[in-house]
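Student: work_12.cif is reproduced in full below (mmCIF, C-alpha atoms and all ligand atoms).
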```cif
data_entry
#
loop_
_atom_site.label_atom_id
_atom_site.label_comp_id
_atom_site.auth_asym_id
_atom_site.auth_seq_id
_atom_site.Cartn_x
_atom_site.Cartn_y
_atom_site.Cartn_z
CA MET W 1 18.20 23.51 22.94
CA HIS W 2 14.43 23.68 22.95
CA ILE W 3 12.51 21.23 20.77
CA SER W 4 10.22 23.04 18.29
CA ASP W 5 6.42 22.89 18.39
CA SER W 6 6.37 21.44 14.88
CA MET W 7 8.76 18.63 15.89
CA VAL W 8 6.67 17.86 18.99
CA ALA W 9 3.50 17.75 16.85
CA ALA W 10 5.16 15.45 14.30
CA ILE W 11 6.38 13.08 17.00
CA ASN W 12 2.94 13.03 18.65
CA ASP W 13 1.54 12.15 15.24
CA GLN W 14 4.05 9.31 14.98
CA ILE W 15 3.03 8.07 18.44
CA LYS W 16 -0.46 7.65 16.97
CA ALA W 17 0.97 5.85 13.93
CA GLU W 18 2.83 3.41 16.22
CA PHE W 19 -0.31 2.65 18.24
CA ASP W 20 -2.29 2.27 14.99
CA SER W 21 0.39 -0.19 13.80
CA ALA W 22 0.11 -2.09 17.09
CA TYR W 23 -3.66 -2.48 16.61
CA ILE W 24 -3.29 -3.51 12.96
CA TYR W 25 -0.93 -6.31 14.04
CA LEU W 26 -3.08 -7.33 16.98
CA ALA W 27 -6.04 -7.69 14.59
CA MET W 28 -3.85 -9.69 12.19
CA SER W 29 -2.82 -11.91 15.10
CA ALA W 30 -6.49 -12.52 15.95
CA TYR W 31 -7.32 -13.33 12.30
CA LEU W 32 -4.39 -15.80 12.07
CA LYS W 33 -5.37 -17.44 15.37
CA ASP W 34 -8.88 -17.95 14.04
CA ALA W 35 -7.41 -19.45 10.85
CA GLY W 36 -5.54 -22.05 12.95
CA LEU W 37 -2.12 -20.55 12.20
CA ASP W 38 -0.93 -20.31 15.80
CA GLY W 39 2.73 -19.68 14.97
CA MET W 40 1.95 -16.77 12.65
CA SER W 41 -0.54 -15.44 15.19
CA HIS W 42 2.18 -15.54 17.86
CA TRP W 43 4.62 -13.76 15.51
CA MET W 44 2.09 -10.98 14.91
CA TYR W 45 1.35 -10.72 18.62
CA LYS W 46 5.06 -10.10 19.23
CA GLN W 47 4.95 -7.48 16.48
CA TYR W 48 2.04 -5.80 18.26
CA LYS W 49 4.10 -5.64 21.48
CA GLU W 50 7.05 -4.17 19.55
CA GLU W 51 4.87 -1.42 18.12
CA VAL W 52 3.69 -0.48 21.61
CA GLU W 53 7.37 -0.27 22.59
CA HIS W 54 8.03 2.00 19.60
CA ALA W 55 5.24 4.32 20.76
CA GLU W 56 6.59 4.27 24.32
CA LYS W 57 10.09 5.10 23.14
CA PHE W 58 8.75 8.23 21.41
CA ILE W 59 6.70 9.11 24.51
CA ASN W 60 9.78 8.87 26.72
CA TYR W 61 11.78 10.96 24.27
CA LEU W 62 9.22 13.77 24.45
CA TYR W 63 9.30 13.53 28.26
CA GLU W 64 13.10 13.85 28.15
CA ARG W 65 12.77 16.97 26.03
CA GLY W 66 10.19 18.45 28.43
CA ALA W 67 7.47 18.33 25.75
CA ARG W 68 3.77 17.56 26.02
CA VAL W 69 2.66 14.06 25.03
CA ILE W 70 -0.80 13.61 23.57
CA ILE W 71 -2.23 10.10 23.93
CA PRO W 72 -4.13 9.48 20.67
CA ASP W 73 -7.25 7.69 19.52
CA VAL W 74 -6.41 4.42 17.84
CA ALA W 75 -7.92 3.67 14.43
CA LYS W 76 -10.09 0.56 14.09
CA PRO W 77 -7.97 -2.01 12.25
CA LYS W 78 -9.05 -4.19 9.32
CA GLU W 79 -10.47 -7.42 10.75
CA THR W 80 -10.41 -9.95 7.98
CA TYR W 81 -8.09 -11.13 5.21
CA THR W 82 -8.21 -13.64 2.37
CA ASP W 83 -5.27 -15.69 3.62
CA ALA W 84 -1.88 -15.55 5.37
CA ILE W 85 -0.15 -14.16 2.27
CA GLU W 86 -2.49 -11.19 2.19
CA VAL W 87 -1.81 -10.59 5.89
CA PHE W 88 1.97 -10.51 5.46
CA LYS W 89 1.80 -8.52 2.22
CA THR W 90 -0.29 -5.93 4.04
CA ALA W 91 2.17 -5.91 6.94
CA TYR W 92 5.10 -5.45 4.54
CA ALA W 93 3.37 -2.55 2.73
CA HIS W 94 2.53 -1.04 6.11
CA GLU W 95 6.16 -1.18 7.21
CA GLN W 96 7.21 0.56 3.99
CA TYR W 97 4.66 3.26 4.76
CA VAL W 98 6.00 3.64 8.32
CA THR W 99 9.55 3.88 6.98
CA SER W 100 8.46 6.77 4.75
CA ARG W 101 6.97 8.46 7.83
CA ILE W 102 10.21 8.02 9.80
CA TYR W 103 12.19 9.49 6.89
CA LYS W 104 9.92 12.54 6.90
CA LEU W 105 10.62 12.98 10.61
CA VAL W 106 14.35 12.80 9.86
CA ASP W 107 13.90 15.42 7.10
CA LEU W 108 12.15 17.72 9.56
CA ALA W 109 14.81 17.22 12.24
CA VAL W 110 17.53 17.96 9.67
CA SER W 111 15.77 21.08 8.41
CA GLU W 112 15.43 22.33 11.99
CA LYS W 113 19.02 21.42 12.88
CA ASP W 114 17.55 19.38 15.76
CA TYR W 115 20.55 17.10 16.32
CA ALA W 116 19.12 15.38 19.40
CA THR W 117 16.02 14.27 17.48
CA GLN W 118 18.15 13.16 14.54
CA SER W 119 20.20 11.01 16.89
CA MET W 120 17.08 9.48 18.49
CA LEU W 121 15.57 8.75 15.05
CA LYS W 122 18.62 6.76 13.97
CA TRP W 123 17.29 3.86 16.07
CA TYR W 124 13.97 3.96 14.16
CA VAL W 125 15.70 4.12 10.77
CA ASP W 126 17.59 0.92 11.65
CA GLU W 127 14.51 -0.71 13.13
CA GLN W 128 12.47 -0.02 9.98
CA MET W 129 15.11 -1.66 7.83
CA GLU W 130 14.84 -4.76 10.01
CA GLU W 131 11.03 -4.74 10.00
CA GLU W 132 10.85 -4.45 6.22
CA ASP W 133 13.35 -7.27 5.93
CA ASN W 134 11.36 -9.50 8.33
CA THR W 135 7.91 -8.98 6.79
CA GLY W 136 9.23 -8.95 3.21
CA GLY W 137 11.11 -12.19 3.88
CA ILE W 138 7.97 -13.94 5.10
CA VAL W 139 6.05 -12.70 2.02
CA SER W 140 8.73 -14.19 -0.26
CA LYS W 141 8.55 -17.55 1.52
CA LEU W 142 4.76 -17.70 1.36
CA GLU W 143 4.73 -16.64 -2.29
CA PHE W 144 7.26 -19.33 -3.10
CA LEU W 145 5.03 -21.94 -1.45
CA GLY W 146 2.04 -20.73 -3.47
CA GLY W 147 -0.60 -22.22 -1.18
CA ASP W 148 1.20 -25.52 -0.47
CA LYS W 149 -0.34 -26.57 2.87
CA HIS W 150 2.67 -28.55 4.16
CA GLY W 151 4.97 -25.63 3.42
CA ILE W 152 2.65 -23.16 5.13
CA TYR W 153 2.52 -25.43 8.18
CA THR W 154 6.33 -25.46 8.28
CA VAL W 155 6.51 -21.64 8.08
CA ASP W 156 3.85 -21.46 10.79
CA ARG W 157 5.98 -23.64 13.09
CA GLU W 158 9.07 -21.61 12.29
CA LEU W 159 7.33 -18.34 13.21
CA SER W 160 6.18 -19.75 16.54
CA SER W 161 9.74 -19.46 17.85
CA ARG W 162 9.94 -15.68 17.59
FE1 LIG W 201 6.97 0.82 14.52
O1 LIG W 201 7.71 -0.17 13.20
FE2 LIG W 201 6.46 -1.29 12.47
O2 LIG W 201 5.19 -0.07 12.08
#
```
Can the structure from this file be put into structure tokens for me?
Tutor:
Amino acid sequence: MHISDSMVAAINDQIKAEFDSAYIYLAMSAYLKDAGLDGMSHWMYKQYKEEVEHAEKFINYLYERGARVIIPDVAKPKETYTDAIEVFKTAYAHEQYVTSRIYKLVDLAVSEKDYATQSMLKWYVDEQMEEEDNTGGIVSKLEFLGGDKHGIYTVDRELSSR
């Protein structure tokens, strides 16, 4: 069955959102590196790479469906933050936003009875659950520490093993 123009447009839009996410995390990684938090910076760098993979997965899906891929502009990400907690809170809120976007794609695929796209999106639904859990978990830890430098150092070391 042919994929609809509206579904192709929505997926191209999501490809942009994934690249925007990648850049947001790359900028967070650079901020954390500058703040001397090498482990957190490394964690965010890995997150950046994952977002590029998410974009590529959508690109390959459109290729499989014989649809046109549009490579987007990437939005300039925020460069500076108050501290590591603000970084991870922003990342958590961003993941919640991306989840809402993925759910809208599912809604569209359901309304169009596009079963192939629904099946492909299942992977993203699961992935978003994991990403919210990861970023939300780090926020909880940092909030618990409430600025305690030794604790932050420990979390930083822990995140270096991602
Ligand atoms: Fe692509 O999952 Fe995060 O944004």
Student: Tell me, as a PDB file with C-alpha atoms, in the frame of the given file, which residues lie within 12 Å of Tyr103 of chain W, counting only C-alpha atoms; anything in the same chain fewer than 6 positions away does not count.
Tutor:
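Printed below is part-v3.pdb as written:
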```pdb
ATOM      1  CA  ALA W  10       5.160  15.450  14.300  1.00  0.00           C
ATOM      2  CA  GLN W  14       4.050   9.310  14.980  1.00  0.00           C
ATOM      3  CA  GLN W  96       7.210   0.560   3.990  1.00  0.00           C
ATOM      4  CA  TYR W  97       4.660   3.260   4.760  1.00  0.00           C
ATOM      5  CA  ALA W 109      14.810  17.220  12.240  1.00  0.00           C
ATOM      6  CA  VAL W 110      17.530  17.960   9.670  1.00  0.00           C
ATOM      7  CA  GLN W 118      18.150  13.160  14.540  1.00  0.00           C
ATOM      8  CA  LEU W 121      15.570   8.750  15.050  1.00  0.00           C
ATOM      9  CA  LYS W 122      18.620   6.760  13.970  1.00  0.00           C
ATOM     10  CA  TRP W 123      17.290   3.860  16.070  1.00  0.00           C
ATOM     11  CA  TYR W 124      13.970   3.960  14.160  1.00  0.00           C
ATOM     12  CA  VAL W 125      15.700   4.120  10.770  1.00  0.00           C
ATOM     13  CA  ASP W 126      17.590   0.920  11.650  1.00  0.00           C
ATOM     14  CA  GLN W 128      12.470  -0.020   9.980  1.00  0.00           C
ATOM     15  CA  MET W 129      15.110  -1.660   7.830  1.00  0.00           C
TER      16      MET W 129
END
```
Student: Around ligand LIG 201 (chain W), which protein and nucleic acid residues have at least one atom no more than 10 Å from it, if we count only C-alpha atoms and all ligand atoms? List them as a PDB file with C-alpha atoms, in the coordinates of the input.
Tutor:
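Saved file pocket_36.pdb follows:
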```
ATOM      1  CA  GLN W  14       4.050   9.310  14.980  1.00  0.00           C
ATOM      2  CA  ILE W  15       3.030   8.070  18.440  1.00  0.00           C
ATOM      3  CA  ALA W  17       0.970   5.850  13.930  1.00  0.00           C
ATOM      4  CA  GLU W  18       2.830   3.410  16.220  1.00  0.00           C
ATOM      5  CA  PHE W  19      -0.310   2.650  18.240  1.00  0.00           C
ATOM      6  CA  ASP W  20      -2.290   2.270  14.990  1.00  0.00           C
ATOM      7  CA  SER W  21       0.390  -0.190  13.800  1.00  0.00           C
ATOM      8  CA  ALA W  22       0.110  -2.090  17.090  1.00  0.00           C
ATOM      9  CA  ILE W  24      -3.290  -3.510  12.960  1.00  0.00           C
ATOM     10  CA  TYR W  25      -0.930  -6.310  14.040  1.00  0.00           C
ATOM     11  CA  GLN W  47       4.950  -7.480  16.480  1.00  0.00           C
ATOM     12  CA  TYR W  48       2.040  -5.800  18.260  1.00  0.00           C
ATOM     13  CA  LYS W  49       4.100  -5.640  21.480  1.00  0.00           C
ATOM     14  CA  GLU W  50       7.050  -4.170  19.550  1.00  0.00           C
ATOM     15  CA  GLU W  51       4.870  -1.420  18.120  1.00  0.00           C
ATOM     16  CA  VAL W  52       3.690  -0.480  21.610  1.00  0.00           C
ATOM     17  CA  GLU W  53       7.370  -0.270  22.590  1.00  0.00           C
ATOM     18  CA  HIS W  54       8.030   2.000  19.600  1.00  0.00           C
ATOM     19  CA  ALA W  55       5.240   4.320  20.760  1.00  0.00           C
ATOM     20  CA  ALA W  91       2.170  -5.910   6.940  1.00  0.00           C
ATOM     21  CA  TYR W  92       5.100  -5.450   4.540  1.00  0.00           C
ATOM     22  CA  ALA W  93       3.370  -2.550   2.730  1.00  0.00           C
ATOM     23  CA  HIS W  94       2.530  -1.040   6.110  1.00  0.00           C
ATOM     24  CA  GLU W  95       6.160  -1.180   7.210  1.00  0.00           C
ATOM     25  CA  GLN W  96       7.210   0.560   3.990  1.00  0.00           C
ATOM     26  CA  TYR W  97       4.660   3.260   4.760  1.00  0.00           C
ATOM     27  CA  VAL W  98       6.000   3.640   8.320  1.00  0.00           C
ATOM     28  CA  THR W  99       9.550   3.880   6.980  1.00  0.00           C
ATOM     29  CA  ARG W 101       6.970   8.460   7.830  1.00  0.00           C
ATOM     30  CA  ILE W 102      10.210   8.020   9.800  1.00  0.00           C
ATOM     31  CA  TYR W 124      13.970   3.960  14.160  1.00  0.00           C
ATOM     32  CA  VAL W 125      15.700   4.120  10.770  1.00  0.00           C
ATOM     33  CA  GLU W 127      14.510  -0.710  13.130  1.00  0.00           C
ATOM     34  CA  GLN W 128      12.470  -0.020   9.980  1.00  0.00           C
ATOM     35  CA  MET W 129      15.110  -1.660   7.830  1.00  0.00           C
ATOM     36  CA  GLU W 130      14.840  -4.760  10.010  1.00  0.00           C
ATOM     37  CA  GLU W 131      11.030  -4.740  10.000  1.00  0.00           C
ATOM     38  CA  GLU W 132      10.850  -4.450   6.220  1.00  0.00           C
ATOM     39  CA  THR W 135       7.910  -8.980   6.790  1.00  0.00           C
TER      40      THR W 135
END
```
Student: Could you give me, as a PyMOL selection string, the residues within 9 Å of segment 111-117 of chain W, counting only C-alpha atoms and dropping anything in the same chain fewer than 5 positions from it?
Tutor: chain W and resi 1-4+7+61+105-106+122
Student: Quick one, how far is atom CA of Leu32 of chain W from atom CA of Val155 of chain W?
Tutor: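 Value for the atom CA of Leu32 of chain W-atom CA of Val155 of chain W distance: 13.0 Å.
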Student: Could you tell me how far atom CA of Leu142 of chain W lies from atom CA of Lys76 of chain W, in Å and to one decimal?
Tutor: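 Between atom CA of Leu142 of chain W and atom CA of Lys76 of chain W the gap is 26.8 Å.
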Student: Counting all atoms listed in the file, figure out which residue out of W:Gly137, W:Gly147, W:Gly39, W:Gly66 gets nearest to Val8 of chain W.
Tutor: W:Gly66
Student: Please measure the separation of atom CA of Val69 of chain W and atom CA of Met120 of chain W, giving the value in Å to one decimal.
Tutor: 16.5 Å
Student: Would you kindly return, as an mmCIF file with C-alpha atoms, in the coordinates of the input, each protein, DNA or RNA residue with an atom no farther than 7 Å from any atom of Pro77 of chain W, considering all atoms listed in the file and excluding same-chain residues fewer than 2 positions away?
Tutor:
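Once written, around.cif looks like this:
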```cif
data_model
loop_
_atom_site.group_PDB
_atom_site.id
_atom_site.type_symbol
_atom_site.label_atom_id
_atom_site.label_comp_id
_atom_site.auth_asym_id
_atom_site.auth_seq_id
_atom_site.Cartn_x
_atom_site.Cartn_y
_atom_site.Cartn_z
ATOM 1 C CA TYR W 23 -3.660 -2.480 16.610
ATOM 2 C CA ILE W 24 -3.290 -3.510 12.960
ATOM 3 C CA ALA W 27 -6.040 -7.690 14.590
ATOM 4 C CA ALA W 75 -7.920 3.670 14.430
ATOM 5 C CA GLU W 79 -10.470 -7.420 10.750
#
```
